[in-house]
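protein_8.txt follows (compact mmCIF, C-alpha atoms and all ligand atoms):
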```txt
# COMPACT_ATOMS: atom_id res chain seq x y z
CA MET A 7 142.59 200.28 58.85
CA CYS A 8 142.03 196.91 57.31
CA GLN A 9 138.37 196.87 58.26
CA SER A 10 135.53 195.89 56.00
CA GLY A 11 133.31 198.73 54.83
CA ASP A 12 129.93 198.88 53.20
CA LEU A 13 129.53 197.32 49.79
CA ARG A 14 128.01 199.41 47.07
CA ARG A 15 127.39 199.30 43.34
CA PRO A 16 128.31 195.83 42.15
CA ILE A 17 130.99 195.66 39.44
CA SER A 18 130.16 192.79 37.12
CA ASN A 19 133.01 190.55 36.04
CA SER A 20 132.57 191.78 32.45
CA GLU A 21 133.00 195.41 33.68
CA ARG A 22 136.29 194.61 35.39
CA LYS A 23 139.35 195.77 33.49
CA VAL A 24 141.32 192.62 34.23
CA PRO A 25 140.13 189.11 34.94
CA ILE A 26 140.52 188.14 38.57
CA ASP A 27 142.76 185.20 39.23
CA VAL A 28 140.59 183.32 41.68
CA ARG A 29 140.44 179.76 42.83
CA GLU A 30 138.60 178.36 45.78
CA ALA A 31 141.05 177.21 48.48
CA ASP A 32 138.13 175.66 50.30
CA ALA A 33 134.42 176.21 50.36
CA ASP A 34 134.90 179.32 52.46
CA ILE A 35 137.76 181.57 51.39
CA PRO A 36 138.49 182.51 47.77
CA VAL A 37 142.15 183.00 46.95
CA VAL A 38 143.42 186.14 45.26
CA SER A 39 147.19 186.18 45.37
CA LEU A 40 149.56 189.01 44.41
CA SER A 41 153.34 188.70 44.51
CA ASP A 42 156.54 190.43 43.43
CA GLY A 43 158.71 187.45 44.34
CA VAL A 44 159.72 188.95 47.70
CA VAL A 45 156.32 189.61 49.22
CA THR A 46 153.10 187.71 48.60
CA LEU A 47 149.65 189.02 49.47
CA ARG A 48 146.94 186.44 50.04
CA PRO A 49 143.61 186.39 51.93
CA TRP A 50 143.66 185.70 55.67
CA SER A 51 142.69 182.28 56.95
CA LYS A 52 141.49 181.28 60.41
CA ALA A 53 144.89 179.67 61.07
CA ASP A 54 146.37 183.21 61.02
CA ALA A 55 144.31 184.40 64.00
CA GLY A 56 147.15 183.87 66.51
CA PHE A 57 149.51 186.07 64.47
CA MET A 58 146.87 188.82 64.21
CA ALA A 59 146.08 188.73 67.94
CA GLU A 60 149.79 188.87 68.80
CA ALA A 61 150.39 191.78 66.40
CA PHE A 62 147.60 193.77 68.03
CA VAL A 63 149.47 193.70 71.34
CA ASP A 64 152.04 196.00 69.68
CA PRO A 65 151.53 199.61 70.87
CA SER A 66 152.11 201.12 67.39
CA ILE A 67 149.55 198.85 65.72
CA ARG A 68 147.03 199.56 68.49
CA ARG A 69 147.71 203.25 68.06
CA TYR A 70 147.73 203.57 64.27
CA ASN A 71 145.50 200.68 63.12
CA GLY A 72 143.28 199.60 65.98
CA PRO A 73 139.92 201.06 66.97
CA HIS A 74 139.85 203.93 69.51
CA ASP A 75 137.09 205.54 71.52
CA ARG A 76 136.19 209.21 71.04
CA LEU A 77 138.98 210.29 73.39
CA GLY A 78 141.53 208.29 71.43
CA ARG A 79 141.88 205.46 73.92
CA PRO A 80 142.69 202.16 72.21
CA ALA A 81 140.40 199.18 72.48
CA PRO A 82 141.74 196.24 74.54
CA PRO A 83 144.04 193.82 72.67
CA LEU A 84 142.34 191.22 70.48
CA SER A 85 141.62 187.73 71.74
CA ILE A 86 142.08 184.83 69.32
CA GLU A 87 138.26 184.73 69.01
CA ASP A 88 138.21 188.47 68.13
CA ALA A 89 140.86 187.88 65.48
CA GLU A 90 138.88 184.94 64.07
CA ALA A 91 135.77 187.14 63.86
CA ILE A 92 137.73 189.81 61.96
CA ILE A 93 139.06 187.14 59.58
CA ASP A 94 135.46 185.93 59.07
CA GLU A 95 134.47 189.49 58.10
CA PHE A 96 137.36 189.65 55.63
CA ALA A 97 136.20 186.32 54.16
CA SER A 98 132.65 187.58 53.68
CA SER A 99 134.01 190.72 51.96
CA TRP A 100 136.08 188.48 49.68
CA ARG A 101 133.00 186.41 48.82
CA ALA A 102 131.03 189.58 48.02
CA PHE A 103 133.91 190.83 45.87
CA ILE A 104 134.13 187.57 43.95
CA ALA A 105 130.36 187.83 43.42
CA ALA A 106 131.00 191.24 41.75
CA ALA A 107 130.91 193.80 44.59
CA PRO A 108 133.72 196.39 44.94
CA PRO A 109 136.68 195.21 47.05
CA SER A 110 135.62 197.26 50.08
CA GLY A 111 136.57 195.45 53.28
CA VAL A 112 138.84 192.86 51.66
CA ALA A 113 142.19 192.38 53.39
CA PHE A 114 145.38 190.57 52.47
CA ALA A 115 147.81 188.86 54.78
CA ILE A 116 151.31 190.07 53.83
CA THR A 117 153.70 187.13 53.75
CA ASP A 118 157.37 186.59 52.96
CA ALA A 119 157.31 185.06 49.48
CA THR A 120 160.20 182.70 50.22
CA SER A 121 159.28 181.36 53.65
CA GLY A 122 155.53 181.92 53.47
CA GLY A 123 155.75 183.42 56.97
CA LEU A 124 153.20 186.05 57.96
CA VAL A 125 154.56 189.57 58.34
CA GLY A 126 151.56 191.92 58.25
CA CYS A 127 148.26 193.08 56.80
CA CYS A 128 147.01 195.43 54.11
CA GLY A 129 143.41 195.95 53.15
CA VAL A 130 140.86 198.08 51.35
CA ASP A 131 138.95 200.10 53.91
CA ASP A 132 136.59 201.71 51.41
CA TRP A 133 135.70 201.87 47.72
CA SER A 134 133.46 204.85 47.00
CA PRO A 135 130.72 205.11 44.34
CA ALA A 136 133.21 207.35 42.43
CA ASP A 137 135.77 204.50 42.40
CA VAL A 138 138.06 206.04 45.01
CA ALA A 139 139.81 203.39 47.10
CA GLN A 140 141.12 203.90 50.63
CA PHE A 141 143.49 201.36 52.13
CA GLY A 142 145.63 200.74 55.19
CA TYR A 143 148.43 198.45 56.38
CA TRP A 144 150.56 197.27 59.28
CA ILE A 145 153.66 195.12 59.68
CA GLY A 146 154.33 193.02 62.80
CA PRO A 147 157.08 194.45 65.05
CA GLY A 148 159.54 191.62 64.24
CA ALA A 149 159.41 192.20 60.47
CA ARG A 150 159.79 195.97 60.12
CA GLY A 151 162.49 197.82 58.19
CA ARG A 152 162.87 195.16 55.49
CA GLY A 153 160.75 196.84 52.82
CA TYR A 154 157.71 194.61 53.27
CA ALA A 155 155.23 197.49 53.70
CA THR A 156 156.46 199.40 50.66
CA ARG A 157 156.32 196.31 48.46
CA ALA A 158 152.84 195.42 49.75
CA VAL A 159 151.55 198.96 49.05
CA VAL A 160 152.95 198.83 45.51
CA LEU A 161 151.29 195.45 44.85
CA LEU A 162 147.98 196.56 46.36
CA THR A 163 147.97 199.88 44.47
CA ARG A 164 148.67 198.18 41.14
CA TRP A 165 145.80 195.75 41.83
CA LEU A 166 143.39 198.57 42.76
CA PHE A 167 144.21 200.43 39.54
CA GLU A 168 143.80 197.24 37.50
CA LEU A 169 140.36 196.85 39.08
CA GLY A 170 139.44 200.35 37.93
CA ALA A 171 140.15 202.61 40.92
CA ALA A 172 140.35 206.22 39.69
CA ARG A 173 142.28 207.25 42.80
CA ALA A 174 143.84 205.46 45.77
CA PHE A 175 144.55 207.14 49.08
CA LEU A 176 145.63 206.59 52.64
CA THR A 177 145.80 208.73 55.74
CA VAL A 178 148.83 208.81 58.04
CA GLU A 179 149.02 210.43 61.48
CA ALA A 180 151.50 213.29 61.33
CA ASP A 181 153.96 211.72 63.78
CA ASN A 182 154.07 208.36 61.96
CA GLU A 183 157.26 209.00 60.02
CA ALA A 184 157.86 205.36 59.05
CA SER A 185 154.44 205.17 57.40
CA ALA A 186 154.96 208.48 55.58
CA VAL A 187 158.26 207.07 54.22
CA VAL A 188 156.35 204.00 52.97
CA ALA A 189 153.65 206.14 51.28
CA ARG A 190 156.18 208.39 49.54
CA ARG A 191 158.41 205.51 48.47
CA ALA A 192 155.39 203.64 47.10
CA GLY A 193 154.73 206.60 44.79
CA PHE A 194 152.03 208.44 46.75
CA VAL A 195 151.81 212.25 46.77
CA HIS A 196 151.34 214.12 50.06
CA GLU A 197 148.35 216.27 49.12
CA GLY A 198 147.97 218.03 52.43
CA THR A 199 147.52 217.75 56.17
CA MET A 200 144.17 217.73 57.91
CA ARG A 201 144.68 219.66 61.13
CA ALA A 202 143.34 218.13 64.35
CA HIS A 203 141.64 215.41 62.32
CA SER A 204 142.26 212.62 64.81
CA VAL A 205 142.53 212.18 68.56
CA TRP A 206 145.00 210.16 70.58
CA GLN A 207 144.83 209.92 74.38
CA GLY A 208 142.82 213.14 74.55
CA GLU A 209 145.10 215.19 72.26
CA ARG A 210 144.11 216.34 68.79
CA ILE A 211 146.44 214.99 66.08
CA ASP A 212 147.12 216.24 62.53
CA VAL A 213 146.67 213.66 59.78
CA MET A 214 148.53 213.59 56.45
CA TRP A 215 146.68 212.68 53.28
CA PHE A 216 148.53 210.72 50.56
CA ALA A 217 147.05 209.78 47.18
CA ALA A 218 147.96 208.32 43.80
CA LEU A 219 146.23 208.55 40.42
CA PRO A 220 146.70 205.70 37.94
CA LEU A 221 148.41 207.53 35.05
CA GLU A 222 150.57 209.73 37.28
CA TRP A 223 151.54 206.70 39.39
CA ALA A 224 152.51 204.71 36.32
CA MET A 225 154.63 207.62 35.05
CA ARG A 226 156.29 208.52 38.38
CA GLY A 227 156.85 204.90 39.31
CA PRO A 228 157.13 203.71 42.88
CA HIS A 229 160.58 203.57 44.45
CA GLU A 230 160.45 199.96 45.49
CA PRO A 231 163.06 198.93 48.07
CA ALA A 232 166.06 197.00 46.76
C1 LIG B 1 154.80 201.87 59.19
C2 LIG B 1 155.11 200.40 58.90
C3 LIG B 1 153.92 199.79 58.17
C4 LIG B 1 156.35 200.32 58.03
O1 LIG B 1 156.58 198.96 57.70
P1 LIG B 1 158.02 198.45 57.17
O2 LIG B 1 157.84 197.14 56.51
O3 LIG B 1 158.99 198.57 58.27
O4 LIG B 1 158.29 199.57 56.07
P2 LIG B 1 159.47 199.58 55.01
O5 LIG B 1 160.60 198.70 55.50
O6 LIG B 1 158.89 199.34 53.67
O7 LIG B 1 159.93 201.10 55.07
C5 LIG B 1 160.04 201.77 56.30
C6 LIG B 1 160.99 202.92 56.12
O8 LIG B 1 160.74 203.88 57.13
C7 LIG B 1 161.98 204.18 57.75
N1 LIG B 1 161.67 204.56 59.12
C8 LIG B 1 161.36 203.74 60.15
N2 LIG B 1 161.15 204.48 61.25
C9 LIG B 1 161.33 205.77 60.92
C10 LIG B 1 161.26 206.99 61.60
N3 LIG B 1 160.92 207.05 62.90
N4 LIG B 1 161.51 208.13 60.92
C11 LIG B 1 161.82 208.11 59.61
N5 LIG B 1 161.91 206.96 58.89
C12 LIG B 1 161.66 205.82 59.54
C13 LIG B 1 162.77 202.91 57.66
O9 LIG B 1 164.15 203.18 57.86
C14 LIG B 1 162.44 202.49 56.24
O10 LIG B 1 163.16 203.21 55.29
P3 LIG B 1 164.54 202.63 54.64
O11 LIG B 1 164.20 201.30 54.03
O12 LIG B 1 164.91 203.64 53.62
O13 LIG B 1 165.50 202.50 55.76
C15 LIG B 1 155.39 199.63 60.21
O14 LIG B 1 156.40 200.27 60.92
C16 LIG B 1 154.17 199.50 61.10
O15 LIG B 1 153.32 198.64 60.88
N6 LIG B 1 154.08 200.35 62.11
C17 LIG B 1 152.99 200.29 63.09
C18 LIG B 1 151.59 200.50 62.52
C19 LIG B 1 151.52 201.58 61.47
O16 LIG B 1 152.18 202.59 61.55
N7 LIG B 1 150.67 201.36 60.46
C20 LIG B 1 150.49 202.29 59.37
C21 LIG B 1 149.34 203.19 59.67
S1 LIG B 1 149.18 204.47 58.41
```
Represent the supplied structure as structure tokens.
Ligand SMILES: CC(C)(COP(=O)(O)OP(=O)(O)OC[C@H]1O[C@@H](n2cnc3c(N)ncnc32)[C@H](O)[C@@H]1OP(=O)(O)O)[C@@H](O)C(=O)NCCC(=O)NCCS
Amino acid sequence: MCQSGDLRRPISNSERKVPIDVREADADIPVVSLSDGVVTLRPWSKADAGFMAEAFVDPSIRRYNGPHDRLGRPAPPLSIEDAEAIIDEFASSWRAFIAAAPPSGVAFAITDATSGGLVGCCGVDDWSPADVAQFGYWIGPGARGRGYATRAVVLLTRWLFELGAARAFLTVEADNEASAVVARRAGFVHEGTMRAHSVWQGERIDVMWFAALPLEWAMRGPHEPA
């Protein structure tokens, strides 16, 4: 999750359904900010590398978000330099997006809107030529259970639909009940389960598929946490 993907058909700014609220924080990282007053999503900056590296020590994040080998063994934890390199990749995806590419590979830092403190990550893993967006997320272990993930998914989904996504989806390993709660509460429909679709420590794992369509999502409404 939260990795940059390949960038395809450029979407010109005139094609975009809504103007993008962008300003340049510095020469390097454009700022796109989304907020509901409780959670704010903003691009990652190099200063956030320590938080990212620390989060990737967490076993659940390494299991559900980190890279694995073909037997499902997680990669070693990230060094600060690894985290900085990932943040650099996010920044280049943001620059491509601002220059009119789809938002594939862009990632937001999830922050507490009041304190500004970092709590997690959500990002667009892929945007297909048919305008189908796949995304992922994680919340640091110290900030879970406060509704941050659900709010972030609602903000991200609204943004993807405003950009013209015809469908948004995410995949959740079948034993990841907290993430399935987030997907359902954010208004996503469980469309099915892909049997033995993933592997973890040598065992095949079923993977749930959740999706939302713009009109249906607007009518159903997400169940945002109080
Ligand atoms: C899954 C994750 C993103 C949820 O983040 P969060 O900010 O705690 O999510 P929220 O607070 O919005 O909602 C979580 C809900 O799941 C519930 N929950 C937590 N653990 C649960 C479990 N084992 N079984 C059922 N429900 C569970 C919580 O009680 C909460 O619901 P509530 O508010 O009604 O009590 C976070 O736990 C995480 O990052 N986990 C590790 C990595 C991961 O799973 N990433 C997602 C990959 S798809």
inquiry  = Any residue with an atom at most 6 Å from ligand LIG 1 (chain B) counts, using all atoms listed in the file. Which are they? Put them as an NGL selection string.
reply    = :A and (66-67 or 70-71 or 143-145 or 150-156 or 178 or 183-185 or 187-188)
inquiry  = For a test of reading the model, state the distance in Å between atom CA of Phe216 of chain A and atom CA of Ala115 of chain A, rounded to one decimal.
reply    = 22.3 Å
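You will find atom CA of Val125 of chain A at 18.3 Å from atom CA of Pro83 of chain A.
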query = Expressed in Å to a single decimal, how great is the separation between atom CA of Arg190 of chain A and atom CA of Thr177 of chain A?
reply = 12.1 Å
Where does segment 92-142 of chain A meet segment 53-60 of chain A within 9 Å, residue by residue, with the nearest atom pair and distance in Å to one decimal for each, counting all atoms listed in the file, listed by chain and rising number, as CSV?
```
residue,atom,partner,partner_atom,distance
A:Ile92,CA,A:Ala55,CA,8.8
A:Ile93,CA,A:Ala55,CA,7.4
A:Ala115,CA,A:Asp54,CA,8.5
A:Leu124,CA,A:Phe57,CA,7.5
A:Val125,CA,A:Phe57,CA,8.7
A:Gly126,CA,A:Met58,CA,8.2
A:Cys127,CA,A:Met58,CA,8.7
```
